[in-house]
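Asks: This structure is in structure tokens; I'll ask about it shortly.
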Amino acid sequence: IYLEMLQVYKSYSKYVSNEIGKRGANATKTVIVRQMRTVKKETLRLIQTFVANSVQGQHEMIFKRLLPNLLDPVLDDYKRNVPHARDAEVLSLIAELIKTLGPGMSSVIPRILDSTFSCTLDMIKTNLQDFPDVRRTFFEMIRAINARCFQALLALKPVQFKLVMDSICWSIQHLDRTIAEIGLNTMLKMLSNFESSQAAAQFYKTYYMHMLKEILKVLSDTFHKPGFVLHCKLMMKLFVVCQSGAIPVPLWNPKQGNFPNNVQFVQQSVAHLIKNTFKNISTRQAEYFVVGAFKFTSSERDFKRHIRDFLIQLKEFSSDKDDLYLEEKQRMQNEEKKQVNARKEQVPGMIKQS
């Protein structure tokens, strides 16, 4: 039945593509095209469900027997269609295949990126709202590749890898909390992946300061307050990498001057960036923040408190700082719930037995 399903998928894809070729994007609004697209989406969801629920012993069969017949019709259809006819389910299925099959998918990652990356990026790069489903599944796919097929990313050409990094940085700017968290967690995993990579020096040289600036940008933006905890984790990770001497090359270029070490350069750069961004922050305050941040990298709690205290100094955060305490509030609620349940357990009949 699998091959028959794919044959229906290919036939419907061909019909939809022909209609779009004749009528343009308006063809996607016709009843027959909408119905055919529904069938295509349900086909992809069914395959994804099978993959997600497969067991280890089935993975080789999926890769050798299911995947070859799947990739060409699905990826080619996705690439050639107009933006409004591209289905988020394609990206969702690809992400699930990568998460399930893991490094075994590395050999087909270039094929996947060639068919999905540039055309999807063109759909979502002009603003933060269009194509929300495609947008979310696109970033999920990048996250899956980074987590399970990291070596495939290292094999990309520098210009292609830059597009991946730019996409991750773009994702953390989203106001949609789910998308922003996908991007932040992807960046965290990327840093972890490079800790043991021989390509670490070039990666840090090229992207360290860019990532740090992007994190500072969202950290100091009140619209991104829900991501405070992940922002702190990322900034702390970047500072620890710098402090530990894991970056064997200077992060500055000769035009920026000369510095005794990367820590001094990063501290000066961050203080300068903060001073120029927030006019109500003095040079002394900016320097105190940066030096303190490096001082507290051994304690996530102290580091987070230091960052929070600094943000509250900013006028933008002074009137509404509740989101900066979300983690603490959640912890308190969980503790209160445990205490209530503990008291109930002491009274026979208060808690329904399962």
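Every chain in the structure tokens has a letter given in the order shown (A, B, ...), and although residue numbers restart at 1 in each chain, ligands are simply numbered from 1 in the order shown.
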If we count only C-alpha atoms, what is near Glu89 of chain A at a cut-off of 9 Å, once residues fewer than 2 positions away on the same chain are taken out, given as a PyMOL selection string?
Replies: chain A and resi 41-42+44-45+48+86-87+91-94+133-134+137
Asks: May I have the residues within 7 Å of segment 238-252 of chain A as number ranges by chain, using only C-alpha atoms and disregarding those fewer than 5 positions away in the same chain?
Replies: A: 201, 204-205, 262-263, 294, 297
Asks: Go ahead and save the picked residues with C-alpha atoms, as a short mmCIF file (atom, residue, chain, number, x, y, z; two decimals), in the first residue's frame.
Replies:
```cif
data_model
loop_
_atom_site.label_atom_id
_atom_site.label_comp_id
_atom_site.auth_asym_id
_atom_site.auth_seq_id
_atom_site.Cartn_x
_atom_site.Cartn_y
_atom_site.Cartn_z
CA ALA A 201 38.48 27.53 16.00
CA TYR A 204 34.27 30.77 16.86
CA LYS A 205 36.40 33.14 14.80
CA ASN A 262 39.83 37.17 24.02
CA VAL A 263 38.25 37.84 27.43
CA PHE A 294 32.22 36.82 33.62
CA THR A 297 29.90 32.00 35.10
#
```
Asks: If you run DSSP on this backbone, which residues of segment 125-282 of chain A come out as alpha helix (DSSP H), and could you give them as a ChimeraX atom specification?
Replies: /A:132-148,150-154,158-171,177-194,200-219,228-243,262-277
Asks: Env of segment 211-228 of chain A: 10 Å cut, atoms = only C-alpha atoms, seq-sep filter 3 positions within chain, self excluded. Answer as a PyMOL selection string.
Replies: chain A and resi 165-166+168-170+172-178+180-181+184+187+204+206-208+231-235+238-239+266+269-270+273-274+277-278+304+307-308+310-311+314+316-317+320-327
Asks: Could you pull the residues within 9 Å of segment 21-35 of chain A, counting only C-alpha atoms, minus those fewer than 3 positions along the same chain, as a tab-separated table (two decimals) with N, CA and C atoms, in the first residue's frame?
Replies:
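Writing the result to selection-v1.tsv gives the following:
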```tsv
chain	number	residue	atom	x	y	z
A	12	TYR	N	-1.37	13.50	-7.76
A	12	TYR	CA	-2.00	14.73	-7.27
A	12	TYR	C	-1.03	15.90	-7.35
A	15	TYR	N	-0.96	17.09	-10.90
A	15	TYR	CA	-2.18	17.83	-11.25
A	15	TYR	C	-2.14	19.24	-10.65
A	16	VAL	N	-1.79	19.33	-9.37
A	16	VAL	CA	-1.74	20.63	-8.69
A	16	VAL	C	-0.72	21.54	-9.36
A	17	SER	N	0.44	20.99	-9.69
A	17	SER	CA	1.48	21.79	-10.34
A	17	SER	C	1.02	22.29	-11.71
A	18	ASN	N	0.32	21.43	-12.47
A	18	ASN	CA	-0.19	21.85	-13.79
A	18	ASN	C	-1.23	22.96	-13.66
A	38	THR	N	-5.14	18.28	0.56
A	38	THR	CA	-5.50	17.63	1.83
A	38	THR	C	-5.07	16.17	1.81
A	39	VAL	N	-5.32	15.49	0.69
A	39	VAL	CA	-4.90	14.09	0.56
A	39	VAL	C	-3.38	13.98	0.67
A	40	LYS	N	-2.68	14.89	0.01
A	40	LYS	CA	-1.21	14.88	0.08
A	40	LYS	C	-0.72	15.07	1.52
A	82	VAL	N	4.77	26.85	-6.02
A	82	VAL	CA	4.74	28.24	-5.57
A	82	VAL	C	4.65	28.23	-4.05
A	83	PRO	N	5.06	29.30	-3.37
A	83	PRO	CA	5.08	29.32	-1.90
A	83	PRO	C	3.78	28.88	-1.25
A	84	HIS	N	2.64	29.35	-1.75
A	84	HIS	CA	1.37	29.03	-1.10
A	84	HIS	C	0.96	27.56	-1.30
A	85	ALA	N	1.65	26.85	-2.17
A	85	ALA	CA	1.31	25.44	-2.39
A	85	ALA	C	2.30	24.50	-1.72
```
Asks: Just want the 10 Å neighbourhood of Val108 of chain A, counted on only C-alpha atoms, with same-chain residues fewer than 2 positions away dropped. Output as a ChimeraX atom specification.
Replies: /A:67-68,71,98,104-106,110-113,152
Asks: A:Met123, A:Leu6, A:Leu75, A:Ile145: which is nearest Gly102 of chain A, counting only C-alpha atoms?
Replies: A:Ile145
